[in-house]
file run.cif (mmCIF, C-alpha atoms and all ligand atoms)
data_input
loop_
_atom_site.label_atom_id
_atom_site.label_comp_id
_atom_site.auth_asym_id
_atom_site.auth_seq_id
_atom_site.Cartn_x
_atom_site.Cartn_y
_atom_site.Cartn_z
CA MET A 160 71.42 -24.48 5.57
CA SER A 161 68.54 -26.61 6.81
CA PRO A 162 65.64 -26.67 4.32
CA ARG A 163 63.40 -25.64 7.25
CA LEU A 164 65.17 -22.30 7.33
CA GLU A 165 64.72 -21.22 3.74
CA TRP A 166 63.13 -17.83 3.09
CA ARG A 167 59.46 -18.15 2.11
CA VAL A 168 57.11 -15.55 0.70
CA ALA A 169 54.20 -14.96 3.06
CA THR A 170 51.07 -12.99 2.21
CA LEU A 171 49.01 -10.91 4.61
CA ALA A 172 45.57 -12.54 4.77
CA GLY A 173 44.11 -10.31 7.49
CA SER A 174 44.88 -8.54 10.71
CA ARG A 175 43.48 -7.73 14.15
CA THR A 176 43.99 -4.60 16.21
CA GLU A 177 45.31 -5.54 19.65
CA THR A 178 45.91 -2.05 21.09
CA ALA A 179 46.32 1.48 19.67
CA THR A 180 49.91 0.57 18.82
CA ALA A 181 49.89 -3.20 18.22
CA ARG A 182 48.53 -5.34 15.43
CA THR A 183 48.25 -9.08 14.89
CA LEU A 184 49.15 -10.20 11.36
CA LEU A 185 47.51 -13.30 9.88
CA LEU A 186 49.97 -14.60 7.31
CA ASP A 187 49.63 -17.36 4.76
CA VAL A 188 52.96 -19.10 4.27
CA PRO A 189 52.78 -21.85 1.62
CA GLY A 190 54.84 -24.86 2.69
CA TRP A 191 55.19 -23.74 6.33
CA PRO A 192 56.82 -26.72 8.12
CA GLY A 193 55.07 -26.18 11.48
CA HIS A 194 56.51 -25.01 14.80
CA VAL A 195 56.44 -25.38 18.57
CA PRO A 196 55.04 -22.67 20.92
CA GLY A 197 57.81 -20.27 21.92
CA GLN A 198 59.64 -20.28 18.58
CA HIS A 199 60.03 -17.19 16.41
CA VAL A 200 60.57 -16.23 12.77
CA ASP A 201 62.82 -13.81 10.97
CA VAL A 202 60.99 -11.30 8.79
CA ARG A 203 62.82 -9.65 5.89
CA LEU A 204 61.72 -6.46 4.14
CA THR A 205 63.32 -5.40 0.86
CA ASP A 206 62.67 -2.07 -0.88
CA GLU A 207 62.74 -1.24 -4.61
CA ASP A 208 66.44 -0.30 -4.40
CA GLY A 209 67.33 -3.73 -3.05
CA TYR A 210 68.01 -2.54 0.51
CA SER A 211 66.80 -5.18 2.92
CA THR A 212 66.54 -5.53 6.68
CA GLU A 213 65.49 -8.34 9.04
CA ARG A 214 63.84 -8.53 12.47
CA SER A 215 62.70 -11.41 14.67
CA TYR A 216 59.05 -11.90 15.67
CA SER A 217 57.59 -14.57 17.90
CA LEU A 218 54.89 -16.93 16.67
CA ALA A 219 51.69 -16.03 18.53
CA THR A 220 49.72 -19.22 17.88
CA PRO A 221 50.41 -22.97 17.79
CA ALA A 222 51.05 -24.58 14.38
CA ASP A 223 48.00 -24.42 12.09
CA GLY A 224 48.84 -25.56 8.54
CA ASP A 225 50.09 -22.71 6.37
CA ARG A 226 48.68 -19.97 8.65
CA VAL A 227 51.04 -18.10 10.95
CA GLU A 228 50.16 -15.24 13.34
CA LEU A 229 52.54 -12.55 14.60
CA THR A 230 51.72 -9.64 16.91
CA ILE A 231 53.77 -6.53 16.33
CA GLN A 232 54.18 -3.70 18.81
CA ARG A 233 54.90 -0.44 16.99
CA VAL A 234 58.18 1.08 18.21
CA LYS A 235 58.33 4.86 17.63
CA GLY A 236 60.69 5.51 14.72
CA GLY A 237 61.11 1.76 14.22
CA GLU A 238 62.02 0.81 10.68
CA VAL A 239 60.21 -2.52 10.53
CA SER A 240 57.53 -2.35 13.23
CA GLU A 241 56.09 0.93 11.91
CA TYR A 242 55.77 -0.56 8.42
CA LEU A 243 54.17 -3.79 9.69
CA THR A 244 51.66 -2.03 11.95
CA ASP A 245 50.78 0.98 9.75
CA THR A 246 51.41 0.27 6.07
CA PHE A 247 51.50 -3.50 5.40
CA ALA A 248 48.16 -4.27 3.69
CA VAL A 249 46.10 -7.39 2.98
CA GLY A 250 47.54 -9.14 -0.10
CA ASP A 251 51.03 -7.67 0.40
CA PRO A 252 53.98 -10.07 0.49
CA VAL A 253 56.77 -10.30 3.06
CA GLU A 254 59.66 -12.75 3.37
CA LEU A 255 59.74 -15.00 6.39
CA ARG A 256 62.18 -17.65 7.64
CA GLY A 257 61.77 -20.17 10.43
CA PRO A 258 60.83 -21.56 12.79
CA VAL A 259 63.81 -20.46 14.89
CA GLY A 260 64.74 -21.53 18.44
CA GLY A 261 64.65 -24.79 20.35
CA TRP A 262 65.16 -23.89 24.03
CA PHE A 263 62.46 -21.32 24.72
CA VAL A 264 59.67 -23.76 23.85
CA TRP A 265 56.89 -25.59 25.65
CA HIS A 266 55.70 -28.96 24.37
CA PRO A 267 52.02 -29.70 25.12
CA SER A 268 53.05 -33.23 26.17
CA ARG A 269 54.73 -31.72 29.28
CA THR A 270 52.60 -32.04 32.40
CA GLY A 271 54.67 -30.16 35.02
CA PRO A 272 53.82 -26.69 36.37
CA VAL A 273 54.72 -23.70 34.24
CA LEU A 274 55.30 -20.07 35.18
CA LEU A 275 55.03 -17.54 32.37
CA VAL A 276 56.25 -14.00 33.02
CA ALA A 277 55.64 -11.45 30.25
CA GLY A 278 56.70 -7.82 29.94
CA GLY A 279 54.79 -5.90 27.24
CA ALA A 280 55.11 -7.56 23.82
CA GLY A 281 56.87 -10.44 25.58
CA ILE A 282 53.39 -11.93 25.98
CA VAL A 283 53.46 -13.06 22.31
CA PRO A 284 55.37 -16.39 22.56
CA LEU A 285 53.80 -17.07 25.98
CA MET A 286 50.35 -16.65 24.41
CA ALA A 287 51.29 -19.34 21.90
CA MET A 288 51.93 -21.63 24.90
CA VAL A 289 48.59 -20.71 26.55
CA ARG A 290 46.81 -21.37 23.26
CA ALA A 291 48.64 -24.67 22.69
CA ARG A 292 47.65 -25.80 26.21
CA ARG A 293 44.00 -25.13 25.34
CA LEU A 294 44.23 -26.85 21.97
CA ALA A 295 45.80 -29.96 23.52
CA ARG A 296 43.30 -29.92 26.43
CA SER A 297 46.36 -30.03 28.65
CA ARG A 298 45.93 -29.90 32.41
CA ALA A 299 49.50 -28.70 33.05
CA PRO A 300 49.18 -26.08 35.83
CA PHE A 301 49.95 -22.68 34.27
CA ARG A 302 50.45 -19.33 35.96
CA LEU A 303 50.91 -16.23 33.83
CA ILE A 304 52.12 -12.92 35.25
CA TYR A 305 51.66 -10.23 32.61
CA SER A 306 53.30 -6.84 33.21
CA VAL A 307 51.89 -3.93 31.18
CA ARG A 308 52.07 -0.16 31.50
CA SER A 309 48.29 0.34 31.62
CA PRO A 310 45.08 -1.59 30.83
CA SER A 311 45.00 -0.20 27.28
CA ASP A 312 48.40 -1.76 26.55
CA GLN A 313 47.22 -5.32 27.18
CA PHE A 314 47.25 -7.67 24.18
CA TYR A 315 44.64 -10.47 23.84
CA ALA A 316 42.62 -9.05 26.77
CA ALA A 317 39.24 -10.66 25.98
CA GLU A 318 40.77 -14.02 25.11
CA LEU A 319 42.78 -14.10 28.34
CA ARG A 320 39.65 -13.31 30.37
CA ARG A 321 37.77 -16.16 28.67
CA ALA A 322 40.70 -18.52 29.18
CA VAL A 323 40.75 -17.91 32.93
CA ARG A 324 36.98 -18.47 33.10
CA ASP A 325 36.89 -21.63 30.96
CA GLU A 326 40.21 -23.41 31.39
CA GLY A 327 40.96 -25.17 34.66
CA GLY A 328 44.46 -24.85 36.02
CA LEU A 329 45.27 -21.53 34.36
CA ASP A 330 45.79 -18.47 36.57
CA ILE A 331 46.55 -15.05 35.13
CA THR A 332 47.65 -11.95 37.01
CA THR A 333 48.13 -8.64 35.26
CA VAL A 334 50.48 -6.21 36.99
CA TYR A 335 50.57 -2.56 35.95
CA THR A 336 53.66 -0.38 35.87
CA ARG A 337 52.17 3.07 35.13
CA SER A 338 48.40 3.12 35.65
CA ALA A 339 46.13 0.45 37.08
CA PRO A 340 42.35 0.15 36.70
CA THR A 341 40.22 1.48 39.54
CA GLY A 342 39.84 -1.03 42.32
CA VAL A 343 43.14 -2.83 41.75
CA PRO A 344 44.84 -2.64 45.18
CA ARG A 345 48.44 -3.07 43.96
CA PRO A 346 49.85 0.40 43.15
CA PRO A 347 51.45 0.70 39.69
CA ARG A 348 55.12 -0.25 39.87
CA ARG A 349 57.66 -2.49 38.22
CA ILE A 350 57.41 -6.20 38.87
CA GLY A 351 59.37 -7.38 41.90
CA ALA A 352 60.11 -10.35 44.13
CA ALA A 353 56.83 -9.94 46.04
CA ASP A 354 54.82 -10.29 42.78
CA LEU A 355 56.77 -13.35 41.68
CA GLU A 356 56.30 -14.98 45.10
CA LEU A 357 52.63 -14.11 45.36
CA TYR A 358 51.50 -14.89 41.83
CA GLY A 359 54.10 -17.48 40.74
CA TRP A 360 54.87 -20.99 42.00
CA PRO A 361 57.00 -21.82 45.02
CA PRO A 362 60.41 -23.14 43.90
CA ARG A 363 59.72 -26.51 45.58
CA PHE A 364 57.06 -27.18 42.90
CA GLU A 365 59.91 -27.09 40.36
CA PRO A 366 58.06 -25.12 37.67
CA THR A 367 59.57 -24.45 34.29
CA CYS A 368 59.73 -20.65 34.07
CA PHE A 369 59.50 -18.79 30.76
CA VAL A 370 60.37 -15.09 30.94
CA CYS A 371 60.00 -12.82 27.90
CA GLY A 372 60.07 -9.08 27.29
CA PRO A 373 62.50 -6.18 27.00
CA THR A 374 66.07 -7.09 27.95
CA GLY A 375 66.10 -5.19 31.27
CA PHE A 376 62.79 -6.76 32.32
CA VAL A 377 63.97 -10.28 31.48
CA GLU A 378 67.26 -9.90 33.32
CA LYS A 379 65.59 -8.53 36.42
CA VAL A 380 62.84 -11.17 36.53
CA ALA A 381 65.21 -14.07 35.82
CA SER A 382 67.67 -13.03 38.52
CA THR A 383 64.83 -12.45 40.99
CA LEU A 384 63.44 -15.93 40.31
CA VAL A 385 66.86 -17.45 40.92
CA GLY A 386 67.19 -15.34 44.09
CA LEU A 387 63.85 -16.74 45.27
CA GLY A 388 65.28 -20.26 44.92
CA HIS A 389 64.28 -21.35 41.40
CA ASP A 390 66.85 -23.56 39.70
CA PRO A 391 68.52 -21.45 36.95
CA ARG A 392 68.29 -24.46 34.61
CA ARG A 393 64.52 -24.15 34.77
CA VAL A 394 64.43 -20.41 34.04
CA ARG A 395 64.23 -19.95 30.26
CA THR A 396 64.44 -16.48 28.80
CA GLU A 397 63.78 -14.65 25.54
CA ARG A 398 64.93 -11.04 25.22
CA PHE A 399 63.24 -8.52 22.92
CA GLY A 400 64.62 -5.11 22.13
CA PRO A 401 67.77 -3.23 22.94
CA THR A 402 69.89 -3.76 26.04
CA GLY A 403 68.84 -1.69 29.03
CA ASP A 404 65.33 -1.02 27.70
C1 LIG A 501 63.58 -13.45 19.45
C2 LIG A 501 62.82 -12.13 19.32
C3 LIG A 501 61.44 -12.16 19.19
C4 LIG A 501 60.74 -10.95 19.09
N1 LIG A 501 59.37 -11.01 19.02
C5 LIG A 501 58.67 -9.85 18.93
C6 LIG A 501 57.22 -9.89 18.87
O1 LIG A 501 56.59 -10.96 18.91
N2 LIG A 501 56.56 -8.72 18.76
C7 LIG A 501 57.23 -7.50 18.72
O2 LIG A 501 56.57 -6.47 18.60
N3 LIG A 501 58.59 -7.45 18.77
C8 LIG A 501 59.32 -8.58 18.86
N4 LIG A 501 60.70 -8.53 18.88
C9 LIG A 501 61.37 -7.20 18.68
C10 LIG A 501 61.57 -6.96 17.16
O3 LIG A 501 62.48 -7.92 16.64
C11 LIG A 501 62.13 -5.57 16.84
O4 LIG A 501 63.27 -5.34 17.65
C12 LIG A 501 61.11 -4.46 17.06
O5 LIG A 501 59.96 -4.67 16.26
C13 LIG A 501 61.75 -3.09 16.69
O6 LIG A 501 62.17 -3.11 15.35
P1 LIG A 501 62.09 -1.80 14.45
O7 LIG A 501 62.74 -2.11 13.14
O8 LIG A 501 60.70 -1.29 14.40
O9 LIG A 501 62.95 -0.76 15.27
P2 LIG A 501 64.46 -0.29 14.94
O10 LIG A 501 64.45 0.54 13.70
O11 LIG A 501 65.34 -1.50 14.98
O12 LIG A 501 64.77 0.58 16.21
C14 LIG A 501 64.24 1.91 16.36
C15 LIG A 501 64.55 2.45 17.73
O13 LIG A 501 63.82 1.72 18.72
C16 LIG A 501 64.69 1.05 19.61
N5 LIG A 501 64.14 -0.31 19.77
C17 LIG A 501 64.35 -1.39 18.99
N6 LIG A 501 63.66 -2.45 19.42
C18 LIG A 501 62.97 -2.04 20.50
C19 LIG A 501 62.08 -2.70 21.39
N7 LIG A 501 61.74 -4.01 21.25
N8 LIG A 501 61.57 -1.97 22.40
C20 LIG A 501 61.88 -0.65 22.56
N9 LIG A 501 62.75 0.01 21.75
C21 LIG A 501 63.27 -0.67 20.73
C22 LIG A 501 66.06 1.02 18.95
O14 LIG A 501 67.11 1.03 19.90
C23 LIG A 501 66.02 2.30 18.13
O15 LIG A 501 66.35 3.40 18.93
C24 LIG A 501 61.43 -9.71 19.05
C25 LIG A 501 62.82 -9.71 19.15
C26 LIG A 501 63.52 -10.89 19.30
C27 LIG A 501 65.02 -10.86 19.41
#
call {"tool": "encode", "arguments": {"input": "run.cif", "output": "structure tokens", "more": "lines below"}}
Ligand SMILES: Cc1cc2nc3c(=O)[nH]c(=O)nc-3n(C[C@H](O)[C@H](O)[C@H](O)COP(=O)(O)OP(=O)(O)OC[C@H]3O[C@@H](n4cnc5c(N)ncnc54)[C@H](O)[C@@H]3O)c2cc1C
result
Amino acid sequence: MSPRLEWRVATLAGSRTETATARTLLLDVPGWPGHVPGQHVDVRLTDEDGYSTERSYSLATPADGDRVELTIQRVKGGEVSEYLTDTFAVGDPVELRGPVGGWFVWHPSRTGPVLLVAGGAGIVPLMAMVRARRLARSRAPFRLIYSVRSPSDQFYAAELRRAVRDEGGLDITTVYTRSAPTGVPRPPRRIGAADLELYGWPPRFEPTCFVCGPTGFVEKVASTLVGLGHDPRRVRTERFGPTGD
């Protein structure tokens, strides 16, 4: 096994509340080798009886020494996400392995247009890309389409608002599936071809597209993008959660 993929003991240094059901974990991971935006880690929990279980979580921020941030959406009845959002306390350890993944990544040296399409917690690795763009003072044209159920489900809301205000070349559109804020003309509904055409890039601009979220969301968005004329080789996907979600 590559030495980069050894299990390391991380410690919770702090946390931020993102929504009523999501929490960002600030973890200190001594010896962390660094990572590229879009990659994820495996997290392993082991109880006193020796039973252990693993889940994958995307890295929410660009590499920053030994500090790693993850944002966890609590899944009702979920073995790992309920523990990490409700019980895991500052000073507690957790095992972590990574970084994992080499295809669903954006390198800040890339200058071409980028389309990011997030469904729910799928914003996490895409936020790492938005943050890396800012850190590198990149001018790569970015468009983010972020699909959420309602305004209160949006992660990183204040930071995204500031980013649109302060960072040239970054456009963000939030689309709502269940309830939209007053004054938003688009009625709540699932993301479709019209949204991707209106808020994304035309295929002739040859954007690299990153699509992340629940499996059903990713499959629908990716096939719609290809149907609109985007080259499938430029549509990169990351699926969270069970099939058909
Ligand atoms: C590459 C990758 C990166 C990921 N990154 C993130 C991330 O950044 N943030 C994040 O919150 N999650 C992320 N996930 C999802 C995460 O790995 C877990 O699947 C999720 O936290 C649920 O685990 P659990 O142990 O709480 O639920 P489980 O105990 O595994 O499942 C409980 C119940 O919920 C259902 N379920 C499982 N996962 C989901 C889901 N995602 N959505 C809806 N229902 C589900 C199961 O079918 C089951 O019925 C990622 C997944 C992958 C594959």
call {"tool": "residues_near_ligand", "arguments": {"input": "run.cif", "ligand": "ligand LIG 501 (chain A)", "cutoff": "7 Å", "atoms": "all atoms listed in the file", "output": "PyMOL selection string"}}
result
chain A and resi 199+214-218+229-241+280-281+283-284+373+397-401+404
call {"tool": "residues_around", "arguments": {"input": "run.cif", "residues": "segment 321-337 of chain A", "least_positions_apart": "3", "cutoff": "6 Å", "atoms": "only C-alpha atoms", "output": "count of residues only"}}
result
14
call {"tool": "atom_distance", "arguments": {"input": "run.cif", "atom1": "atom CA of Val249 of chain A", "atom2": "atom CA of Gly173 of chain A"}}
result
5.7 Å
call {"tool": "residues_around", "arguments": {"input": "run.cif", "residues": "Glu254 of chain A", "least_positions_apart": "2", "cutoff": "6 Å", "atoms": "all atoms listed in the file", "output": "ChimeraX atom specification"}}
result
/A:167-169,202-203
call {"tool": "write_last_selection", "arguments": {"input": "run.cif", "atoms": "C-alpha atoms", "output": "PDB file, in the frame of the given file"}}
result
ATOM      1  CA  ARG A 167      59.460 -18.150   2.110  1.00  0.00           C
ATOM      2  CA  VAL A 168      57.110 -15.550   0.700  1.00  0.00           C
ATOM      3  CA  ALA A 169      54.200 -14.960   3.060  1.00  0.00           C
ATOM      4  CA  VAL A 202      60.990 -11.300   8.790  1.00  0.00           C
ATOM      5  CA  ARG A 203      62.820  -9.650   5.890  1.00  0.00           C
TER       6      ARG A 203
END
call {"tool": "closest_residue", "arguments": {"input": "run.cif", "among": "A:Val200, A:Ala295, A:Val227, A:Ile282", "to": "Leu186 of chain A", "atoms": "all atoms listed in the file"}}
result
A:Val227
call {"tool": "atom_distance", "arguments": {"input": "run.cif", "atom1": "atom CA of Glu177 of chain A", "atom2": "atom CA of Phe314 of chain A"}}
result
5.4 Å
call {"tool": "residues_around", "arguments": {"input": "run.cif", "residues": "Asp223 of chain A", "least_positions_apart": "5", "cutoff": "12 Å", "atoms": "all atoms listed in the file", "output": "PDB file with C-alpha atoms, in the coordinates of the input"}}
result
ATOM      1  CA  LEU A 185      47.510 -13.300   9.880  1.00  0.00           C
ATOM      2  CA  LEU A 186      49.970 -14.600   7.310  1.00  0.00           C
ATOM      3  CA  ASP A 187      49.630 -17.360   4.760  1.00  0.00           C
ATOM      4  CA  VAL A 188      52.960 -19.100   4.270  1.00  0.00           C
ATOM      5  CA  PRO A 189      52.780 -21.850   1.620  1.00  0.00           C
ATOM      6  CA  GLY A 190      54.840 -24.860   2.690  1.00  0.00           C
ATOM      7  CA  TRP A 191      55.190 -23.740   6.330  1.00  0.00           C
ATOM      8  CA  PRO A 192      56.820 -26.720   8.120  1.00  0.00           C
ATOM      9  CA  GLY A 193      55.070 -26.180  11.480  1.00  0.00           C
ATOM     10  CA  HIS A 194      56.510 -25.010  14.800  1.00  0.00           C
ATOM     11  CA  VAL A 195      56.440 -25.380  18.570  1.00  0.00           C
ATOM     12  CA  PRO A 196      55.040 -22.670  20.920  1.00  0.00           C
ATOM     13  CA  LEU A 218      54.890 -16.930  16.670  1.00  0.00           C
ATOM     14  CA  GLU A 228      50.160 -15.240  13.340  1.00  0.00           C
ATOM     15  CA  ALA A 287      51.290 -19.340  21.900  1.00  0.00           C
ATOM     16  CA  ARG A 290      46.810 -21.370  23.260  1.00  0.00           C
ATOM     17  CA  ALA A 291      48.640 -24.670  22.690  1.00  0.00           C
ATOM     18  CA  LEU A 294      44.230 -26.850  21.970  1.00  0.00           C
TER      19      LEU A 294
END
call {"tool": "closest_residue", "arguments": {"input": "run.cif", "among": "A:Arg320, A:Arg345, A:His389, A:Arg298", "to": "Thr367 of chain A", "atoms": "only C-alpha atoms"}}
result
A:His389
call {"tool": "atom_distance", "arguments": {"input": "run.cif", "atom1": "atom CA of Ala277 of chain A", "atom2": "atom CA of Pro310 of chain A"}}
result
14.5 Å
call {"tool": "residues_near_point", "arguments": {"input": "run.cif", "point": "(57.1, -30.1, 36.7)", "cutoff": "7 Å", "atoms": "all atoms listed in the file", "output": "PyMOL selection string"}}
result
chain A and resi 270-272+364-367
call {"tool": "write_last_selection", "arguments": {"input": "run.cif", "atoms": "C-alpha atoms", "output": "PDB file, in the coordinates of the input"}}
result
ATOM      1  CA  THR A 270      52.600 -32.040  32.400  1.00  0.00           C
ATOM      2  CA  GLY A 271      54.670 -30.160  35.020  1.00  0.00           C
ATOM      3  CA  PRO A 272      53.820 -26.690  36.370  1.00  0.00           C
ATOM      4  CA  PHE A 364      57.060 -27.180  42.900  1.00  0.00           C
ATOM      5  CA  GLU A 365      59.910 -27.090  40.360  1.00  0.00           C
ATOM      6  CA  PRO A 366      58.060 -25.120  37.670  1.00  0.00           C
ATOM      7  CA  THR A 367      59.570 -24.450  34.290  1.00  0.00           C
TER       8      THR A 367
END
call {"tool": "closest_residue", "arguments": {"input": "run.cif", "among": "A:Met286, A:Pro361, A:Ser268, A:Gly278", "to": "Lys379 of chain A", "atoms": "all atoms listed in the file"}}
result
A:Gly278
call {"tool": "closest_residue", "arguments": {"input": "run.cif", "among": "A:Val253, A:Ala381, A:Glu356, A:Ser311", "to": "Ser338 of chain A", "atoms": "only C-alpha atoms"}}
result
A:Ser311
call {"tool": "axis_aligned_box", "arguments": {"input": "run.cif", "around": "segment 192-211 of chain A", "padding_each_side": "3 Å", "output": "lines of an AutoDock Vina configuration file"}}
result
center_x = 61.5
center_y = -13.5
center_z = 8.7
size_x = 19.0
size_y = 32.4
size_z = 32.5
call {"tool": "closest_residue", "arguments": {"input": "run.cif", "among": "A:Thr383, A:Ala352, A:Thr176, A:Thr212", "to": "Tyr315 of chain A", "atoms": "all atoms listed in the file"}}
result
A:Thr176
